[in-house]
Structure formats: structure tokens, C-alpha cells
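Have a look at input_39.txt below; it lists compact mmCIF, C-alpha atoms and all ligand atoms.
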# COMPACT_ATOMS: atom_id res chain seq x y z
CA MET A 1 -66.85 -15.64 -27.97
CA THR A 2 -63.94 -16.16 -25.63
CA ALA A 3 -60.68 -16.39 -27.50
CA ARG A 4 -58.42 -19.39 -27.21
CA LEU A 5 -55.01 -18.68 -25.72
CA ILE A 6 -51.78 -19.16 -27.63
CA ASP A 7 -49.57 -20.21 -24.73
CA GLY A 8 -46.01 -18.97 -25.28
CA ASN A 9 -44.67 -20.90 -22.28
CA ALA A 10 -46.04 -24.23 -23.48
CA LEU A 11 -44.89 -23.67 -27.06
CA SER A 12 -41.46 -22.57 -25.81
CA GLN A 13 -41.12 -25.77 -23.82
CA GLN A 14 -41.78 -27.85 -26.93
CA LEU A 15 -39.36 -25.85 -29.06
CA ARG A 16 -36.69 -25.85 -26.35
CA ALA A 17 -36.96 -29.63 -26.04
CA ASP A 18 -36.21 -29.82 -29.76
CA VAL A 19 -33.28 -27.41 -29.33
CA ALA A 20 -31.90 -29.54 -26.47
CA ALA A 21 -32.15 -32.71 -28.58
CA ARG A 22 -30.44 -31.10 -31.57
CA ALA A 23 -27.76 -29.58 -29.28
CA ALA A 24 -27.08 -33.03 -27.81
CA ALA A 25 -26.73 -34.50 -31.31
CA LEU A 26 -24.31 -31.76 -32.26
CA ARG A 27 -22.27 -32.21 -29.09
CA ALA A 28 -22.04 -35.93 -29.80
CA ARG A 29 -20.42 -34.98 -33.11
CA GLY A 30 -17.91 -32.69 -31.36
CA THR A 31 -19.54 -29.25 -31.70
CA VAL A 32 -20.82 -27.49 -28.60
CA PRO A 33 -23.19 -24.69 -29.71
CA GLY A 34 -21.98 -21.46 -28.11
CA LEU A 35 -23.57 -18.05 -27.53
CA ALA A 36 -21.69 -14.95 -26.37
CA VAL A 37 -23.77 -12.33 -24.60
CA VAL A 38 -22.12 -8.93 -24.23
CA LEU A 39 -23.43 -6.50 -21.64
CA VAL A 40 -22.09 -2.97 -21.31
CA GLY A 41 -23.07 -1.04 -18.19
CA ASP A 42 -25.51 -1.94 -15.44
CA ASN A 43 -28.98 -1.24 -16.82
CA PRO A 44 -31.18 -3.30 -14.44
CA ALA A 45 -33.59 -4.52 -17.14
CA SER A 46 -30.66 -5.56 -19.36
CA GLN A 47 -29.13 -7.50 -16.47
CA VAL A 48 -32.35 -9.50 -16.11
CA TYR A 49 -32.56 -10.14 -19.86
CA VAL A 50 -28.98 -11.38 -20.17
CA ARG A 51 -29.33 -13.60 -17.08
CA ASN A 52 -32.44 -15.18 -18.60
CA LYS A 53 -30.68 -15.74 -21.92
CA VAL A 54 -27.64 -17.34 -20.29
CA LYS A 55 -29.84 -19.57 -18.13
CA ALA A 56 -31.91 -20.65 -21.15
CA CYS A 57 -28.65 -21.69 -22.86
CA GLU A 58 -27.49 -23.67 -19.82
CA ASP A 59 -30.87 -25.39 -19.47
CA ASN A 60 -30.87 -26.56 -23.08
CA GLY A 61 -27.34 -27.80 -23.70
CA LEU A 62 -25.82 -24.66 -25.21
CA HIS A 63 -22.57 -23.19 -24.01
CA SER A 64 -22.77 -19.49 -23.14
CA VAL A 65 -20.29 -16.79 -22.26
CA LEU A 66 -21.46 -13.64 -20.52
CA GLU A 67 -19.10 -10.70 -20.95
CA ARG A 68 -19.77 -7.80 -18.62
CA HIS A 69 -18.11 -4.48 -19.33
CA PRO A 70 -18.24 -1.18 -17.44
CA ALA A 71 -20.52 1.58 -18.73
CA ASP A 72 -17.52 3.69 -19.74
CA LEU A 73 -16.09 1.03 -22.07
CA ALA A 74 -14.76 2.78 -25.18
CA GLU A 75 -16.47 2.04 -28.49
CA ASP A 76 -13.17 0.84 -29.97
CA ALA A 77 -12.71 -1.60 -27.12
CA LEU A 78 -16.19 -3.02 -27.66
CA LEU A 79 -15.55 -3.36 -31.40
CA ALA A 80 -12.33 -5.22 -30.58
CA ARG A 81 -14.25 -7.64 -28.37
CA VAL A 82 -16.81 -8.25 -31.12
CA ASP A 83 -13.97 -8.89 -33.55
CA ALA A 84 -12.42 -11.44 -31.17
CA LEU A 85 -15.76 -13.22 -30.78
CA ASN A 86 -16.22 -13.22 -34.56
CA ARG A 87 -12.97 -15.19 -34.81
CA ASP A 88 -13.64 -17.54 -31.86
CA PRO A 89 -14.66 -20.95 -33.27
CA ALA A 90 -16.37 -21.90 -29.97
CA ILE A 91 -18.86 -19.04 -30.43
CA HIS A 92 -21.68 -19.46 -32.96
CA GLY A 93 -23.88 -16.57 -31.90
CA ILE A 94 -23.05 -13.06 -30.66
CA LEU A 95 -25.59 -10.91 -28.90
CA VAL A 96 -24.78 -7.38 -27.81
CA GLN A 97 -27.47 -6.39 -25.33
CA LEU A 98 -29.21 -3.14 -26.20
CA PRO A 99 -29.46 -0.35 -25.26
CA LEU A 100 -25.77 0.55 -25.26
CA PRO A 101 -24.45 3.64 -23.42
CA ALA A 102 -24.96 6.86 -25.38
CA HIS A 103 -21.27 7.28 -26.33
CA ILE A 104 -21.37 4.01 -28.32
CA ASP A 105 -22.89 3.84 -31.82
CA ALA A 106 -25.12 0.77 -31.45
CA GLN A 107 -25.62 0.31 -35.20
CA LYS A 108 -21.86 0.38 -35.78
CA VAL A 109 -21.42 -2.36 -33.17
CA ILE A 110 -24.21 -4.48 -34.68
CA GLU A 111 -22.68 -4.12 -38.14
CA ALA A 112 -19.35 -5.33 -36.69
CA ILE A 113 -20.88 -8.72 -35.81
CA ALA A 114 -20.17 -11.35 -38.46
CA PRO A 115 -23.52 -11.94 -40.23
CA GLU A 116 -23.13 -15.71 -39.78
CA LYS A 117 -23.10 -15.14 -35.99
CA ASP A 118 -25.84 -12.46 -35.94
CA VAL A 119 -28.36 -14.56 -34.02
CA ASP A 120 -30.36 -11.45 -33.01
CA GLY A 121 -30.95 -10.82 -36.72
CA PHE A 122 -30.28 -7.07 -36.45
CA HIS A 123 -27.37 -6.79 -38.95
CA VAL A 124 -28.23 -5.16 -42.28
CA ALA A 125 -27.18 -8.42 -43.96
CA SER A 126 -29.83 -10.26 -41.90
CA ALA A 127 -32.43 -7.60 -42.73
CA GLY A 128 -31.52 -7.91 -46.41
CA ALA A 129 -31.76 -11.69 -46.26
CA LEU A 130 -35.24 -11.45 -44.76
CA MET A 131 -36.32 -8.92 -47.35
CA THR A 132 -35.05 -11.00 -50.27
CA GLY A 133 -36.03 -14.39 -48.87
CA SER A 134 -32.47 -15.72 -48.68
CA ALA A 135 -30.84 -17.65 -45.83
CA GLY A 136 -30.08 -15.56 -42.76
CA PHE A 137 -31.20 -15.06 -39.20
CA TRP A 138 -34.65 -13.67 -38.48
CA PRO A 139 -35.06 -11.29 -35.52
CA CYS A 140 -36.18 -13.39 -32.57
CA THR A 141 -39.39 -11.61 -31.53
CA PRO A 142 -41.22 -11.59 -34.88
CA TYR A 143 -39.82 -15.06 -35.61
CA GLY A 144 -41.43 -16.21 -32.35
CA CYS A 145 -44.74 -14.61 -33.41
CA MET A 146 -44.61 -16.62 -36.66
CA LYS A 147 -44.06 -19.80 -34.66
CA MET A 148 -47.11 -18.93 -32.56
CA LEU A 149 -49.23 -18.59 -35.70
CA ASP A 150 -47.82 -21.89 -36.99
CA SER A 151 -48.63 -23.57 -33.67
CA ILE A 152 -52.36 -23.03 -34.25
CA GLY A 153 -52.08 -24.16 -37.87
CA TYR A 154 -53.02 -20.72 -39.15
CA ASP A 155 -52.83 -20.33 -42.94
CA LEU A 156 -51.90 -16.71 -43.65
CA ARG A 157 -52.39 -16.93 -47.41
CA GLY A 158 -54.86 -14.27 -48.54
CA LYS A 159 -55.52 -13.07 -44.98
CA HIS A 160 -55.27 -9.42 -43.97
CA ALA A 161 -52.60 -8.89 -41.32
CA VAL A 162 -52.22 -5.55 -39.57
CA VAL A 163 -48.96 -4.83 -37.78
CA ILE A 164 -49.04 -1.94 -35.33
CA GLY A 165 -45.50 -0.57 -35.00
CA ARG A 166 -42.68 -0.22 -37.52
CA SER A 167 -39.47 -0.67 -35.54
CA ASN A 168 -36.50 -2.38 -37.15
CA ILE A 169 -36.52 -5.16 -34.55
CA VAL A 170 -40.24 -6.00 -34.44
CA GLY A 171 -42.72 -4.21 -36.70
CA LYS A 172 -40.88 -4.12 -40.03
CA PRO A 173 -39.48 -7.67 -39.94
CA MET A 174 -42.88 -8.92 -38.74
CA ALA A 175 -44.52 -7.34 -41.78
CA LEU A 176 -41.96 -8.96 -44.12
CA MET A 177 -42.47 -12.40 -42.55
CA LEU A 178 -46.25 -12.13 -42.92
CA LEU A 179 -45.84 -10.93 -46.51
CA ALA A 180 -43.58 -13.90 -47.28
CA ARG A 181 -46.50 -16.13 -46.25
CA SER A 182 -48.78 -14.34 -48.73
CA ALA A 183 -50.78 -12.34 -46.22
CA THR A 184 -51.94 -8.90 -47.33
CA VAL A 185 -50.09 -6.68 -44.87
CA THR A 186 -50.86 -3.22 -43.51
CA VAL A 187 -48.30 -1.51 -41.28
CA CYS A 188 -49.63 1.11 -38.87
CA HIS A 189 -47.62 3.55 -36.75
CA SER A 190 -47.92 6.68 -34.66
CA ALA A 191 -49.00 8.80 -37.63
CA THR A 192 -51.72 6.37 -38.73
CA ALA A 193 -55.05 8.16 -38.82
CA ASP A 194 -57.86 6.02 -37.40
CA LEU A 195 -55.99 2.88 -36.36
CA GLY A 196 -59.27 1.08 -35.66
CA ALA A 197 -60.40 1.46 -39.28
CA PHE A 198 -57.47 -0.81 -40.23
CA THR A 199 -57.53 -3.24 -37.32
CA ARG A 200 -61.28 -3.86 -37.71
CA GLN A 201 -60.54 -5.31 -41.18
CA ALA A 202 -57.74 -7.53 -39.91
CA ASP A 203 -57.76 -11.31 -39.68
CA VAL A 204 -54.48 -11.05 -37.73
CA VAL A 205 -53.31 -8.12 -35.60
CA VAL A 206 -49.79 -7.89 -34.22
CA ALA A 207 -49.43 -5.10 -31.67
CA ALA A 208 -45.82 -3.96 -31.16
CA VAL A 209 -46.07 -0.45 -29.78
CA GLY A 210 -45.16 -0.24 -26.10
CA LYS A 211 -48.36 1.49 -24.93
CA ARG A 212 -51.18 -0.02 -22.91
CA ASN A 213 -54.64 -0.42 -24.45
CA VAL A 214 -53.58 0.48 -27.99
CA LEU A 215 -55.95 -2.25 -29.13
CA THR A 216 -59.39 -2.45 -27.54
CA ALA A 217 -62.34 -4.77 -28.19
CA ASP A 218 -64.16 -2.32 -30.48
CA MET A 219 -61.10 -2.34 -32.80
CA VAL A 220 -61.06 -6.10 -33.37
CA LYS A 221 -62.93 -8.18 -35.94
CA PRO A 222 -64.74 -11.14 -34.32
CA GLY A 223 -62.61 -14.27 -34.55
CA ALA A 224 -59.34 -12.46 -35.37
CA VAL A 225 -55.95 -13.67 -34.15
CA VAL A 226 -54.33 -11.13 -31.83
CA ILE A 227 -50.61 -11.27 -31.05
CA ASP A 228 -49.48 -8.91 -28.29
CA VAL A 229 -45.77 -8.07 -28.38
CA GLY A 230 -45.95 -5.09 -26.03
CA MET A 231 -44.36 -5.06 -22.59
CA ASN A 232 -45.73 -2.40 -20.30
CA ARG A 233 -46.61 -1.93 -16.63
CA ASP A 234 -50.16 -1.33 -15.44
CA ASP A 235 -51.09 1.04 -12.59
CA ALA A 236 -50.34 -1.69 -10.06
CA GLY A 237 -46.89 -2.24 -11.60
CA LYS A 238 -47.87 -5.58 -13.17
CA LEU A 239 -46.55 -6.58 -16.58
CA CYS A 240 -49.10 -6.07 -19.35
CA GLY A 241 -49.16 -5.82 -23.12
CA ASP A 242 -50.46 -3.33 -25.68
CA VAL A 243 -53.81 -5.09 -25.90
CA ASP A 244 -56.77 -4.64 -23.55
CA PHE A 245 -56.66 -8.36 -22.84
CA ALA A 246 -59.90 -8.68 -20.85
CA GLY A 247 -61.96 -6.92 -23.49
CA VAL A 248 -60.29 -8.24 -26.64
CA ARG A 249 -60.40 -11.88 -25.54
CA GLU A 250 -64.21 -11.66 -25.70
CA VAL A 251 -64.05 -10.77 -29.42
CA ALA A 252 -60.93 -12.43 -30.82
CA GLY A 253 -60.62 -16.06 -31.89
CA TRP A 254 -57.08 -16.46 -30.60
CA ILE A 255 -54.99 -14.24 -28.34
CA THR A 256 -51.54 -14.26 -26.75
CA PRO A 257 -51.34 -13.34 -23.05
CA VAL A 258 -48.80 -11.02 -21.40
CA PRO A 259 -46.92 -12.39 -19.55
CA GLY A 260 -46.57 -15.91 -20.94
CA GLY A 261 -46.99 -15.06 -24.62
CA VAL A 262 -44.44 -13.56 -26.97
CA GLY A 263 -41.87 -12.92 -24.18
CA PRO A 264 -40.71 -16.52 -23.65
CA MET A 265 -40.80 -17.11 -27.42
CA THR A 266 -38.19 -14.39 -28.00
CA ILE A 267 -35.56 -16.17 -25.92
CA THR A 268 -36.55 -19.51 -27.42
CA MET A 269 -35.94 -18.23 -30.93
CA LEU A 270 -32.53 -16.93 -29.82
CA LEU A 271 -31.69 -20.51 -28.84
CA VAL A 272 -33.04 -21.77 -32.17
CA ASN A 273 -30.94 -19.26 -34.12
CA THR A 274 -27.79 -20.06 -32.12
CA LEU A 275 -28.27 -23.76 -32.64
CA GLU A 276 -28.92 -23.20 -36.33
CA SER A 277 -25.70 -21.19 -36.57
CA ALA A 278 -23.75 -24.01 -34.89
CA GLU A 279 -25.34 -26.55 -37.23
CA ARG A 280 -24.42 -24.44 -40.24
CA ALA A 281 -20.84 -24.13 -38.94
CA ALA A 282 -20.74 -27.92 -38.51
CA GLY A 283 -22.16 -28.37 -42.00
CA SER A 284 -25.60 -29.62 -41.01
CA GLY A 285 -27.76 -26.47 -40.96
CA THR A 286 -31.40 -26.64 -41.96
CA SER A 287 -31.95 -22.93 -42.65
CA ALA A 288 -34.56 -22.73 -39.90
CA SER A 289 -35.15 -19.04 -40.47
CA THR A 290 -36.04 -19.37 -44.09
P1 LIG B 1 -40.35 1.03 -30.66
O1 LIG B 1 -39.06 0.98 -31.37
O2 LIG B 1 -40.58 2.10 -29.63
O3 LIG B 1 -41.51 1.14 -31.76
C1 LIG B 1 -42.83 1.37 -31.39
C2 LIG B 1 -43.66 1.56 -32.64
O4 LIG B 1 -44.99 1.83 -32.24
C3 LIG B 1 -43.21 2.71 -33.52
O5 LIG B 1 -43.17 2.29 -34.87
C4 LIG B 1 -44.29 3.78 -33.30
O6 LIG B 1 -44.56 4.55 -34.43
C5 LIG B 1 -45.49 2.93 -32.99
N1 LIG B 1 -46.50 3.67 -32.22
C6 LIG B 1 -46.31 4.45 -31.15
N2 LIG B 1 -47.48 4.93 -30.70
C7 LIG B 1 -48.42 4.44 -31.52
C8 LIG B 1 -49.82 4.58 -31.58
N3 LIG B 1 -50.49 5.31 -30.68
N4 LIG B 1 -50.51 3.94 -32.56
C9 LIG B 1 -49.84 3.19 -33.47
N5 LIG B 1 -48.51 3.01 -33.45
C10 LIG B 1 -47.81 3.63 -32.48
O7 LIG B 1 -40.67 -0.33 -29.90
P2 LIG B 1 -40.26 -1.85 -30.26
O8 LIG B 1 -38.85 -2.07 -29.92
O9 LIG B 1 -40.77 -2.22 -31.60
O10 LIG B 1 -41.14 -2.59 -29.14
C11 LIG B 1 -42.54 -2.48 -29.12
C12 LIG B 1 -43.05 -3.10 -27.83
O11 LIG B 1 -42.73 -4.48 -27.84
C13 LIG B 1 -42.45 -2.55 -26.54
O12 LIG B 1 -43.41 -2.61 -25.51
C14 LIG B 1 -41.33 -3.52 -26.24
O13 LIG B 1 -41.01 -3.56 -24.85
C15 LIG B 1 -41.97 -4.80 -26.68
N6 LIG B 1 -41.03 -5.85 -27.04
C16 LIG B 1 -41.28 -7.07 -26.51
C17 LIG B 1 -40.46 -8.11 -26.80
C18 LIG B 1 -40.76 -9.45 -26.21
O14 LIG B 1 -39.91 -10.30 -26.21
N7 LIG B 1 -41.98 -9.65 -25.72
C19 LIG B 1 -39.36 -7.94 -27.65
C20 LIG B 1 -39.17 -6.69 -28.24
C21 LIG B 1 -40.01 -5.65 -27.92
P3 LIG B 1 -43.48 5.58 -35.08
O15 LIG B 1 -42.53 4.72 -35.85
O16 LIG B 1 -44.31 6.45 -35.94
O17 LIG B 1 -42.83 6.28 -33.93

Render the structure in this file as C-alpha cells.
Amino acid sequence: MTARLIDGNALSQQLRADVAARAAALRARGTVPGLAVVLVGDNPASQVYVRNKVKACEDNGLHSVLERHPADLAEDALLARVDALNRDPAIHGILVQLPLPAHIDAQKVIEAIAPEKDVDGFHVASAGALMTGSAGFWPCTPYGCMKMLDSIGYDLRGKHAVVIGRSNIVGKPMALMLLARSATVTVCHSATADLGAFTRQADVVVAAVGKRNVLTADMVKPGAVVIDVGMNRDDAGKLCGDVDFAGVREVAGWITPVPGGVGPMTITMLLVNTLESAERAAGSGTSAST
């Protein structure tokens, strides 16, 4: 069997077209959806990420503000900027690009963002909302993975989903989202003994580790859906995921590629969350994340 691809670029285009249409409708009613992206320091990867986020806003009718600060910005000064953005009615979403320099407590900064503008979904209020099934913002990467499963019409009810990785931004929220759809969920991590024993039972595997070839063909049940969140470099310096794509695609039923899979979906869901925040502020939100 050769797995069918879940194309993150194509799905992103569809979802972004919807964002652009909803943004235009909101603008026509006098609200311009606005995202503030805050970058501290000059981490090269972060610079690329924030540029891509700002461009995605511009391309889809959202207003964006990119704040660049020097690496030695004091924590208090950053907290003051977040506070100002919290009170700015033109800003509906605030994203502080991680990682922050070591002298700044990243969690403290995230907790300073008003939960109604926490479009990254990293605030404890957002995590609590996800856990309890109440309205809030879902973290963009696992939210994008859910959209990919929806795009193939996959019914998770009663299926066994295995999530590899338990970070606060991917693995744990992913597990909660799958659980909310009535999948039976197993979360694996670096201390899991015999990872393959779990993944071989899985109807859905989400790999969110950050190591190449964590999932190989012998670890996958025939016909399973495999979502690859990982972003790594191969020996030739090319972007690759956590999954041995060439091998696993011969066993799986569906698979996401890297690049062109989860990556573009993450930025797309940031746009969706920002738009949703603007719609809520304008009194027309649809609770997209719930
Ligand atoms: P993270 O915070 O480093 O978490 C990695 C997780 O993998 C941890 O829970 C760790 O377990 C687990 N792990 C490590 N080695 C393992 C092994 N051999 N077997 C099973 N589990 C193992 O990383 P993250 O932020 O969740 O990101 C994961 C990957 O996704 C990275 O490659 C990152 O670049 C990528 N990512 C991609 C996007 C995107 O838009 N495509 C967005 C976010 C992240 P312990 O908890 O026991 O240490």
C-alpha cells in the first residue's frame, strides 16, 4: 500500500481563503483584525518564523505589527509592552516569539498576555479551556493536525491514537484534542519502553519529538494515519520530519509530508485564531477552537 498524502499546503490555501473572506467581512463592518508579533533578540530561525507570520497576515487581509526588541531587553520592559498590547483595541492577537533570551521568564511573559488575545494558546487559561472543553484558543500546531484529520473525513471515535511527545505546545494539547473526539489516547515520551509496541496498535500516530526516524515502517499498523509534526535536518541539511517517510508511506493509509504538511498548517491556524479573536471582540465569534 502507498499512503495517500495529506497536503498541508493545499489545505492551508483553502483555510486561508476562508480567513481572507471572513477578514474582509469584518473590515466591511469596521474591524480590522490585528496581530502583534513580538520578537526579542536576533535568533535567525525566529526571524524567519516571524517574517512568515507577518506575511501570512498581509496576504490574507489581517493587520500585523512586528515589534523587534534587542536581546538585552529587560523582562519588565517586555511585560510593559505586553500590557500595552493587551489594552490596544486594534490588536486582537499577541504572539511573543519563543525562545526568549535566558534572562526573561518566558512563562511569566505568556501569562501576562490577556487570555482573550492569546492566539498561540499557550496561556494557562487557554490550556484550562482546552482541558475542560470551554471556549478558548487551541495551540496552533495540534489544532492544525486536527484540521488535517478532519480534511480526510476521519472519524476518531473509538480509534486508538498514539501521540509521541508530551510538550505543552504540541503533545499534551494534541492528546486532549484527540480525547475530546472520543479517541482512546496513549501518550508516549522519552521514557516509554518499547515505543513500537504502542504505535503498532495505533489507528492514528502523531509524532512530535524532534528526532529523525523515530517512527519507522515496522512500527506502523497497515492503513494507519500518520501525522508528522517534527522538524529536523537530514544529513544533506534538508528539512525532514520525525517519520521515516519513504518507509512508512508504504504501510500507512494516510501520511503528512515534511515539508508541506503540518508546518504551513501552524501559521494558518494562527490566522484562524486571530480572526476568531477579532470576531469575538466585534461580537460575532463562532468559537472556532471549540
Ligand atoms: P519538545 O518540547 O522537545 O518535546 C519533545 C517530546 O518528545 C518530549 O515530550 C520528549 O519526551 C519526547 N521524546 C524525545 N525523545 C523521544 C523518543 N526517543 N521517543 C519518544 N519520545 C521522545 O518538542 P516540541 O516543541 O513538542 O516539538 C516537537 C517537534 O515538533 C520538533 O521537531 C519541533 O521542531 C516540531 N514542531 C513543529 C511545528 C510545526 O509547525 N511543524 C510546531 C511546533 C513544533 P520527554 O518529555 O520525556 O523529554

Around the point (-57.1, -3.1, -28.0), in the coordinates given by the file, pick out the residues reaching within 8 Å, counting only C-alpha atoms, and return them as a PDB file with C-alpha atoms, in the frame of the given file.
ATOM      1  CA  ASN A 213     -54.640  -0.420 -24.450  1.00  0.00           C
ATOM      2  CA  VAL A 214     -53.580   0.480 -27.990  1.00  0.00           C
ATOM      3  CA  LEU A 215     -55.950  -2.250 -29.130  1.00  0.00           C
ATOM      4  CA  THR A 216     -59.390  -2.450 -27.540  1.00  0.00           C
ATOM      5  CA  ALA A 217     -62.340  -4.770 -28.190  1.00  0.00           C
ATOM      6  CA  ASP A 218     -64.160  -2.320 -30.480  1.00  0.00           C
ATOM      7  CA  MET A 219     -61.100  -2.340 -32.800  1.00  0.00           C
ATOM      8  CA  VAL A 220     -61.060  -6.100 -33.370  1.00  0.00           C
ATOM      9  CA  ASP A 242     -50.460  -3.330 -25.680  1.00  0.00           C
ATOM     10  CA  VAL A 243     -53.810  -5.090 -25.900  1.00  0.00           C
ATOM     11  CA  ASP A 244     -56.770  -4.640 -23.550  1.00  0.00           C
ATOM     12  CA  PHE A 245     -56.660  -8.360 -22.840  1.00  0.00           C
ATOM     13  CA  GLY A 247     -61.960  -6.920 -23.490  1.00  0.00           C
ATOM     14  CA  VAL A 248     -60.290  -8.240 -26.640  1.00  0.00           C
TER      15      VAL A 248
END

- Item | Contacts of stretch 56-72 of chain A at 6 Å (all atoms listed in the file; same-chain gap of 3+ positions) as a PyMOL selection string | chain A and resi 20+23+33-41+53

- Out of A:Thr186, A:Ser134, A:Ser284, A:Gln201, which residue has the shortest atom-to-atom distance to ligand LIG 1 (chain B) when counting only C-alpha atoms and all ligand atoms?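 Between A:Thr186, A:Ser134, A:Ser284, A:Gln201, the residue approaching ligand LIG 1 (chain B) most closely is A:Thr186.
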
- Kindly provide, as a ChimeraX atom specification, all nucleotide and amino acid residues lying within 9 Å of ligand LIG 1 (chain B), counting all atoms listed in the file. /A:140-142,144,163-172,188-193,195,207-212,214-215,228-232,241-242,258-259,261-267

Please identify all polymer residues within 9 Å of A:Ile152, counting only C-alpha atoms, omitting same-chain residues fewer than 5 positions from it, and present them as a PDB file with C-alpha atoms, in the coordinates of the input.
ATOM      1  CA  ILE A   6     -51.780 -19.160 -27.630  1.00  0.00           C
ATOM      2  CA  LYS A 147     -44.060 -19.800 -34.660  1.00  0.00           C
ATOM      3  CA  TRP A 254     -57.080 -16.460 -30.600  1.00  0.00           C
TER       4      TRP A 254
END

- Task: Kindly indicate which residue among A:Asp235, A:Ile94, A:Leu271, A:Gly223 lies nearest to A:Arg4, using only C-alpha atoms for the distances.
- Result: A:Gly223

- Between atom CA of A:Arg249 and atom CA of A:Thr2 - distance in Å to one decimal: 5.6 Å

- Query: A:Ile113: which residues within 10 Å, counting only C-alpha atoms, same-chain residues fewer than 2 positions away excluded, as a PyMOL selection string?
  - Reply: chain A and resi 79+82-83+85-86+93-96+108-111+115-119+122-123

For the residues in the current selection, export C-alpha atoms as a PDB file, in the frame of the given file.
ATOM      1  CA  LEU A  79     -15.550  -3.360 -31.400  1.00  0.00           C
ATOM      2  CA  VAL A  82     -16.810  -8.250 -31.120  1.00  0.00           C
ATOM      3  CA  ASP A  83     -13.970  -8.890 -33.550  1.00  0.00           C
ATOM      4  CA  LEU A  85     -15.760 -13.220 -30.780  1.00  0.00           C
ATOM      5  CA  ASN A  86     -16.220 -13.220 -34.560  1.00  0.00           C
ATOM      6  CA  GLY A  93     -23.880 -16.570 -31.900  1.00  0.00           C
ATOM      7  CA  ILE A  94     -23.050 -13.060 -30.660  1.00  0.00           C
ATOM      8  CA  LEU A  95     -25.590 -10.910 -28.900  1.00  0.00           C
ATOM      9  CA  VAL A  96     -24.780  -7.380 -27.810  1.00  0.00           C
ATOM     10  CA  LYS A 108     -21.860   0.380 -35.780  1.00  0.00           C
ATOM     11  CA  VAL A 109     -21.420  -2.360 -33.170  1.00  0.00           C
ATOM     12  CA  ILE A 110     -24.210  -4.480 -34.680  1.00  0.00           C
ATOM     13  CA  GLU A 111     -22.680  -4.120 -38.140  1.00  0.00           C
ATOM     14  CA  PRO A 115     -23.520 -11.940 -40.230  1.00  0.00           C
ATOM     15  CA  GLU A 116     -23.130 -15.710 -39.780  1.00  0.00           C
ATOM     16  CA  LYS A 117     -23.100 -15.140 -35.990  1.00  0.00           C
ATOM     17  CA  ASP A 118     -25.840 -12.460 -35.940  1.00  0.00           C
ATOM     18  CA  VAL A 119     -28.360 -14.560 -34.020  1.00  0.00           C
ATOM     19  CA  PHE A 122     -30.280  -7.070 -36.450  1.00  0.00           C
ATOM     20  CA  HIS A 123     -27.370  -6.790 -38.950  1.00  0.00           C
TER      21      HIS A 123
END

- If you measure from atom CA of A:Asp7 to atom CA of A:Gly121, what distance in Å do you get, rounded to one decimal? 24.1 Å
